[in-house]
Structures are given as C-alpha cells and as structure tokens.
file target.pdb (PDB, C-alpha atoms)
MODEL        1
ATOM      1  CA  MET A   1     -21.843  -0.156   1.819  1.00  0.00           C
ATOM      2  CA  LYS A   2     -18.288   0.108   0.533  1.00  0.00           C
ATOM      3  CA  ALA A   3     -16.115   2.881   1.908  1.00  0.00           C
ATOM      4  CA  VAL A   4     -14.189   5.078  -0.490  1.00  0.00           C
ATOM      5  CA  LYS A   5     -10.589   5.905   0.337  1.00  0.00           C
ATOM      6  CA  VAL A   6      -9.580   9.456  -0.391  1.00  0.00           C
ATOM      7  CA  PHE A   7      -6.626  11.604   0.477  1.00  0.00           C
ATOM      8  CA  ASP A   8      -7.144  14.921   2.151  1.00  0.00           C
ATOM      9  CA  GLU A   9      -6.079  18.075   0.328  1.00  0.00           C
ATOM     10  CA  ALA A  10      -2.665  17.892   1.939  1.00  0.00           C
ATOM     11  CA  PHE A  11      -1.830  14.723  -0.037  1.00  0.00           C
ATOM     12  CA  GLY A  12      -1.960  16.431  -3.437  1.00  0.00           C
ATOM     13  CA  GLU A  13       0.022  19.365  -2.123  1.00  0.00           C
ATOM     14  CA  LYS A  14       2.590  17.022  -0.574  1.00  0.00           C
ATOM     15  CA  LEU A  15       2.922  15.001  -3.782  1.00  0.00           C
ATOM     16  CA  LYS A  16       3.475  18.160  -5.813  1.00  0.00           C
ATOM     17  CA  ARG A  17       5.883  19.642  -3.240  1.00  0.00           C
ATOM     18  CA  LEU A  18       7.954  16.439  -3.150  1.00  0.00           C
ATOM     19  CA  ARG A  19       8.039  16.221  -6.937  1.00  0.00           C
ATOM     20  CA  LYS A  20       9.082  19.862  -7.361  1.00  0.00           C
ATOM     21  CA  SER A  21      11.637  19.750  -4.530  1.00  0.00           C
ATOM     22  CA  ARG A  22      13.379  16.972  -6.444  1.00  0.00           C
ATOM     23  CA  GLY A  23      13.309  19.017  -9.639  1.00  0.00           C
ATOM     24  CA  MET A  24      11.036  16.490 -11.338  1.00  0.00           C
ATOM     25  CA  SER A  25       8.592  17.259 -14.080  1.00  0.00           C
ATOM     26  CA  LEU A  26       5.319  15.362 -14.262  1.00  0.00           C
ATOM     27  CA  GLN A  27       6.841  13.393 -17.142  1.00  0.00           C
ATOM     28  CA  ARG A  28       9.928  12.429 -15.114  1.00  0.00           C
ATOM     29  CA  LEU A  29       7.819  11.228 -12.172  1.00  0.00           C
ATOM     30  CA  SER A  30       5.676   9.377 -14.683  1.00  0.00           C
ATOM     31  CA  ASP A  31       8.733   7.674 -16.178  1.00  0.00           C
ATOM     32  CA  LEU A  32      10.030   6.648 -12.759  1.00  0.00           C
ATOM     33  CA  SER A  33       6.695   5.517 -11.306  1.00  0.00           C
ATOM     34  CA  GLY A  34       4.906   4.083 -14.323  1.00  0.00           C
ATOM     35  CA  CYS A  35       1.889   6.371 -13.722  1.00  0.00           C
ATOM     36  CA  SER A  36       0.657   8.641 -16.481  1.00  0.00           C
ATOM     37  CA  PRO A  37       1.467  12.354 -16.164  1.00  0.00           C
ATOM     38  CA  SER A  38      -2.251  13.205 -16.313  1.00  0.00           C
ATOM     39  CA  TYR A  39      -3.015  10.793 -13.463  1.00  0.00           C
ATOM     40  CA  ILE A  40      -0.269  12.326 -11.309  1.00  0.00           C
ATOM     41  CA  SER A  41      -1.534  15.800 -12.147  1.00  0.00           C
ATOM     42  CA  ARG A  42      -5.072  14.850 -11.108  1.00  0.00           C
ATOM     43  CA  LEU A  43      -3.708  13.457  -7.832  1.00  0.00           C
ATOM     44  CA  GLU A  44      -1.825  16.692  -7.220  1.00  0.00           C
ATOM     45  CA  ARG A  45      -4.993  18.716  -7.857  1.00  0.00           C
ATOM     46  CA  ASN A  46      -7.043  16.395  -5.599  1.00  0.00           C
ATOM     47  CA  GLU A  47      -9.272  15.488  -8.520  1.00  0.00           C
ATOM     48  CA  LYS A  48      -8.640  11.765  -8.203  1.00  0.00           C
ATOM     49  CA  GLN A  49      -9.467   9.341  -5.405  1.00  0.00           C
ATOM     50  CA  SER A  50      -6.524   7.741  -3.691  1.00  0.00           C
ATOM     51  CA  PRO A  51      -4.241   5.576  -5.780  1.00  0.00           C
ATOM     52  CA  SER A  52      -4.086   1.852  -5.202  1.00  0.00           C
ATOM     53  CA  PHE A  53      -1.411   0.720  -2.793  1.00  0.00           C
ATOM     54  CA  PRO A  54       0.974  -0.505  -5.536  1.00  0.00           C
ATOM     55  CA  ILE A  55       0.744   2.915  -7.239  1.00  0.00           C
ATOM     56  CA  LEU A  56       1.325   4.672  -3.921  1.00  0.00           C
ATOM     57  CA  VAL A  57       4.456   2.534  -3.425  1.00  0.00           C
ATOM     58  CA  ALA A  58       5.633   3.275  -6.982  1.00  0.00           C
ATOM     59  CA  LEU A  59       5.211   7.029  -6.433  1.00  0.00           C
ATOM     60  CA  ALA A  60       6.998   6.869  -3.063  1.00  0.00           C
ATOM     61  CA  ASN A  61       9.881   4.909  -4.588  1.00  0.00           C
ATOM     62  CA  ALA A  62      10.141   7.319  -7.527  1.00  0.00           C
ATOM     63  CA  LEU A  63      10.239  10.260  -5.114  1.00  0.00           C
ATOM     64  CA  ASN A  64      12.686   8.401  -2.848  1.00  0.00           C
ATOM     65  CA  VAL A  65      10.456   8.746   0.222  1.00  0.00           C
ATOM     66  CA  ASP A  66       9.025   6.182   2.584  1.00  0.00           C
ATOM     67  CA  VAL A  67       5.515   5.114   1.611  1.00  0.00           C
ATOM     68  CA  LEU A  68       4.372   6.070   5.113  1.00  0.00           C
ATOM     69  CA  THR A  69       5.494   9.642   4.526  1.00  0.00           C
ATOM     70  CA  LEU A  70       3.577   9.851   1.274  1.00  0.00           C
ATOM     71  CA  ALA A  71       0.482   8.107   2.668  1.00  0.00           C
ATOM     72  CA  GLU A  72       0.014  10.534   5.553  1.00  0.00           C
ATOM     73  CA  GLY A  73      -3.292  12.251   5.078  1.00  0.00           C
ATOM     74  CA  LEU A  74      -5.235   9.180   4.086  1.00  0.00           C
ATOM     75  CA  VAL A  75      -8.780   9.612   5.312  1.00  0.00           C
ATOM     76  CA  ASP A  76     -11.623   7.220   4.904  1.00  0.00           C
ATOM     77  CA  LYS A  77     -15.178   8.298   4.366  1.00  0.00           C
ATOM     78  CA  GLU A  78     -17.840   6.374   6.268  1.00  0.00           C
ATOM     79  CA  GLU A  79     -15.375   5.557   9.053  1.00  0.00           C
ATOM     80  CA  VAL A  80     -14.360   2.233   7.517  1.00  0.00           C
ATOM     81  CA  VAL A  81     -10.614   1.802   7.581  1.00  0.00           C
ATOM     82  CA  ASP A  82      -8.909  -0.592   5.224  1.00  0.00           C
ATOM     83  CA  LEU A  83      -6.042  -2.757   6.367  1.00  0.00           C
ATOM     84  CA  TYR A  84      -3.480  -1.028   4.118  1.00  0.00           C
ATOM     85  CA  SER A  85      -4.227   2.290   5.803  1.00  0.00           C
ATOM     86  CA  ILE A  86      -3.741   0.825   9.252  1.00  0.00           C
ATOM     87  CA  MET A  87      -0.611  -1.151   8.504  1.00  0.00           C
ATOM     88  CA  PHE A  88       1.203   1.567   6.552  1.00  0.00           C
ATOM     89  CA  LYS A  89       0.191   4.599   8.612  1.00  0.00           C
ATOM     90  CA  SER A  90       2.998   3.927  11.090  1.00  0.00           C
ATOM     91  CA  PRO A  91       5.798   1.370  11.262  1.00  0.00           C
ATOM     92  CA  LEU A  92       4.600  -1.932  12.691  1.00  0.00           C
ATOM     93  CA  ARG A  93       6.254  -3.498  15.705  1.00  0.00           C
ATOM     94  CA  VAL A  94       5.744  -7.207  16.298  1.00  0.00           C
ATOM     95  CA  ALA A  95       7.251  -8.321  19.604  1.00  0.00           C
ATOM     96  CA  ASP A  96      10.583  -6.449  19.605  1.00  0.00           C
ATOM     97  CA  LYS A  97      10.956  -6.219  15.827  1.00  0.00           C
ATOM     98  CA  VAL A  98       9.904  -3.307  13.622  1.00  0.00           C
ATOM     99  CA  LEU A  99       8.724  -4.742  10.319  1.00  0.00           C
ATOM    100  CA  SER A 100      10.244  -3.442   7.108  1.00  0.00           C
ATOM    101  CA  GLU A 101       7.983  -2.255   4.305  1.00  0.00           C
ATOM    102  CA  GLU A 102       8.573  -5.564   2.490  1.00  0.00           C
ATOM    103  CA  GLU A 103       7.709  -7.596   5.595  1.00  0.00           C
ATOM    104  CA  THR A 104       4.576  -5.521   6.190  1.00  0.00           C
ATOM    105  CA  MET A 105       3.508  -6.124   2.592  1.00  0.00           C
ATOM    106  CA  LEU A 106       4.056  -9.891   2.981  1.00  0.00           C
ATOM    107  CA  VAL A 107       1.952  -9.928   6.171  1.00  0.00           C
ATOM    108  CA  LEU A 108      -0.802  -8.034   4.349  1.00  0.00           C
ATOM    109  CA  GLN A 109      -0.701 -10.498   1.469  1.00  0.00           C
ATOM    110  CA  MET A 110      -0.979 -13.405   3.922  1.00  0.00           C
ATOM    111  CA  ILE A 111      -3.991 -11.847   5.615  1.00  0.00           C
ATOM    112  CA  GLU A 112      -5.659 -11.208   2.258  1.00  0.00           C
ATOM    113  CA  ARG A 113      -5.121 -14.842   1.199  1.00  0.00           C
ATOM    114  CA  ILE A 114      -6.433 -16.171   4.524  1.00  0.00           C
ATOM    115  CA  VAL A 115      -9.607 -14.134   4.077  1.00  0.00           C
ATOM    116  CA  GLU A 116      -9.970 -15.504   0.535  1.00  0.00           C
ATOM    117  CA  PHE A 117      -9.410 -19.133   1.564  1.00  0.00           C
ATOM    118  CA  GLU A 118     -12.372 -21.410   1.022  1.00  0.00           C
ATOM    119  CA  TRP A 119     -11.245 -23.517   3.989  1.00  0.00           C
ATOM    120  CA  SER A 120     -13.262 -26.523   3.017  1.00  0.00           C
ATOM    121  CA  ARG A 121     -12.329 -30.081   3.840  1.00  0.00           C
ATOM    122  CA  GLU A 122     -11.037 -30.458   0.279  1.00  0.00           C
ATOM    123  CA  SER A 123      -9.009 -27.238   0.154  1.00  0.00           C
ATOM    124  CA  GLN A 124      -7.633 -26.717   3.636  1.00  0.00           C
ATOM    125  CA  TRP A 125      -4.421 -28.763   3.209  1.00  0.00           C
ATOM    126  CA  HIS A 126      -3.535 -26.913   0.032  1.00  0.00           C
ATOM    127  CA  GLU A 127      -4.336 -23.599   1.715  1.00  0.00           C
ATOM    128  CA  LEU A 128      -2.217 -24.491   4.764  1.00  0.00           C
ATOM    129  CA  ALA A 129       0.682 -25.339   2.445  1.00  0.00           C
ATOM    130  CA  GLU A 130       0.255 -22.006   0.670  1.00  0.00           C
ATOM    131  CA  LEU A 131       0.260 -20.199   4.016  1.00  0.00           C
ATOM    132  CA  GLY A 132       3.381 -22.123   5.069  1.00  0.00           C
ATOM    133  CA  GLU A 133       5.172 -20.967   1.903  1.00  0.00           C
ATOM    134  CA  ALA A 134       4.178 -17.364   2.630  1.00  0.00           C
ATOM    135  CA  ILE A 135       5.512 -17.675   6.188  1.00  0.00           C
ATOM    136  CA  ASN A 136       8.816 -19.068   4.887  1.00  0.00           C
ATOM    137  CA  LYS A 137       9.076 -16.143   2.491  1.00  0.00           C
ATOM    138  CA  LEU A 138       8.489 -13.708   5.364  1.00  0.00           C
ATOM    139  CA  LYS A 139      11.051 -15.420   7.589  1.00  0.00           C
ATOM    140  CA  ASN A 140      13.679 -15.256   4.824  1.00  0.00           C
ATOM    141  CA  VAL A 141      13.419 -11.501   4.232  1.00  0.00           C
ATOM    142  CA  LYS A 142      16.735  -9.905   5.118  1.00  0.00           C
TER     143      LYS A 142
ENDMDL
END

call {"tool": "encode", "arguments": {"input": "target.pdb", "output": "structure tokens"}}
result
Amino acid sequence: MKAVKVFDEAFGEKLKRLRKSRGMSLQRLSDLSGCSPSYISRLERNEKQSPSFPILVALANALNVDVLTLAEGLVDKEEVVDLYSIMFKSPLRVADKVLSEEETMLVLQMIERIVEFEWSRESQWHELAELGEAINKLKNVK
C-alpha cells in the first residue's frame, strides 16, 4: 500500500501568509515559482495533496524562505515516511558538518540511484562509476 503525503492545514495557511507578507499576488508567486496560480491557490486552500519536492523547493525559493521552513507540517498518512520528509524536516549533520540544502539533495539523489541500481554482474562497474561521479559532485559543492 502506497502512503500519500499531505500537508496539514497549517501548510496552506503558512503558504498564503508568506505570500501575502511579501506583497505577492498568486500570479507573482506563479511567475517566480513556475507553478500555476490555480495550483498555488488550491495548495493554500488545502485542496491539493502535497507538491512534489522540486515544486516545494521552487515555492520556497520564490518566497525567499528555507525549504525546511515551508515544509514544516508535512504529515504522512499510514505512518510511512518518505526520505524527502526525513531529510528536509531538519538540517542534517554528518560527523561535524551540517549539510547544505544542495548537499542534502545530492545525497538524496545518490540514495535514489542506489535503490534503482540493478547491481548485476554486468552493470555493477558502470553503477559504481556513476556513484563515484555523484560522490565527486558532492565533495565539490562549495
């Protein structure tokens, strides 16, 4: 059974409050985020299930807030928590380093690819090389 991610009622209120506090119309937020005004309106009225992570990031960037701030209030029906919810609920600390949003996203992408890997005798060297490239990309984030 697949869990459905939804935001609690506070998410829509928060989205609307942030938009209005910045003097933005639905159209302006739409222009900045790439989301349609009707979609944003449905989110604000809690008539739409949670946006995908890239849309959540686009809305947060358009509103000039951290994605973690906007994502507060994410609840998951059926008690299944997706990795995005866990990793972006609070800043991640690895050893003594707090990961940036970009680094967290790269780690998520690596995990997703590892899960998708076939890992057969024929594919594993290619998949290891792909993982090595992803690690290099992560290590070069400034």

call {"tool": "axis_aligned_box", "arguments": {"input": "target.pdb", "around": "range 90-109 of chain A", "padding_each_side": "8 Å", "output": "lines of an AutoDock Vina configuration file"}}
result
center_x = 5.1
center_y = -3.3
center_z = 10.5
size_x = 27.8
size_y = 30.4
size_z = 34.1

call {"tool": "residues_around", "arguments": {"input": "target.pdb", "residues": "range 87-98 of chain A", "least_positions_apart": "3", "cutoff": "7 Å", "atoms": "all atoms listed in the file", "output": "count of residues only"}}
result
5

call {"tool": "residues_around", "arguments": {"input": "target.pdb", "residues": "Gln27 in chain A", "least_positions_apart": "6", "cutoff": "12 Å", "atoms": "all atoms listed in the file", "output": "list in words"}}
result
Arg19, Lys20, Ser33, Gly34, Cys35, Ser36, Pro37, Ser38, Tyr39, Ile40, Ser41 and Ala62 of chain A

call {"tool": "closest_residue", "arguments": {"input": "target.pdb", "among": "A:Ile86, A:Leu26, A:Met105, A:Val115", "to": "Pro54 in chain A", "atoms": "all atoms listed in the file"}}
result
A:Met105

call {"tool": "resolve_selection", "arguments": {"input": "target.pdb", "expression": "the PyMOL selection byres ((chain A and resi 106) around 12)", "output": "list in words"}}
result
Tyr84, Met87, Leu99, Ser100, Glu101, Glu102, Glu103, Thr104, Met105, Val107, Leu108, Gln109, Met110, Ile111, Glu112, Arg113, Leu131, Glu133, Ala134, Ile135, Asn136, Lys137, Leu138, Lys139, Asn140 and Val141 of chain A

call {"tool": "atom_distance", "arguments": {"input": "target.pdb", "atom1": "CA of Lys48 in chain A", "atom2": "CA of Gly23 in chain A"}}
result
23.2 Å

call {"tool": "atom_distance", "arguments": {"input": "target.pdb", "atom1": "CA of Ser30 in chain A", "atom2": "CA of Leu56 in chain A"}}
result
12.5 Å

call {"tool": "closest_residue", "arguments": {"input": "target.pdb", "among": "A:Ser25, A:Asn61, A:Asn46, A:Ser123", "to": "Phe11 in chain A", "atoms": "all atoms listed in the file"}}
result
A:Asn46

call {"tool": "atom_distance", "arguments": {"input": "target.pdb", "atom1": "CA of Leu63 in chain A", "atom2": "CA of Ala10 in chain A"}}
result
16.6 Å

call {"tool": "residues_around", "arguments": {"input": "target.pdb", "residues": "Glu13 in chain A", "least_positions_apart": "5", "cutoff": "9 Å", "atoms": "all atoms listed in the file", "output": "number ranges by chain"}}
result
A: 18, 44-46

call {"tool": "closest_residue", "arguments": {"input": "target.pdb", "among": "A:Glu116, A:Leu15, A:Arg121, A:Lys142", "to": "Asn64 in chain A", "atoms": "all atoms listed in the file"}}
result
A:Leu15

call {"tool": "closest_residue", "arguments": {"input": "target.pdb", "among": "A:Trp119, A:Ser52, A:Lys14, A:Ala58", "to": "Asp31 in chain A", "atoms": "only C-alpha atoms"}}
result
A:Ala58
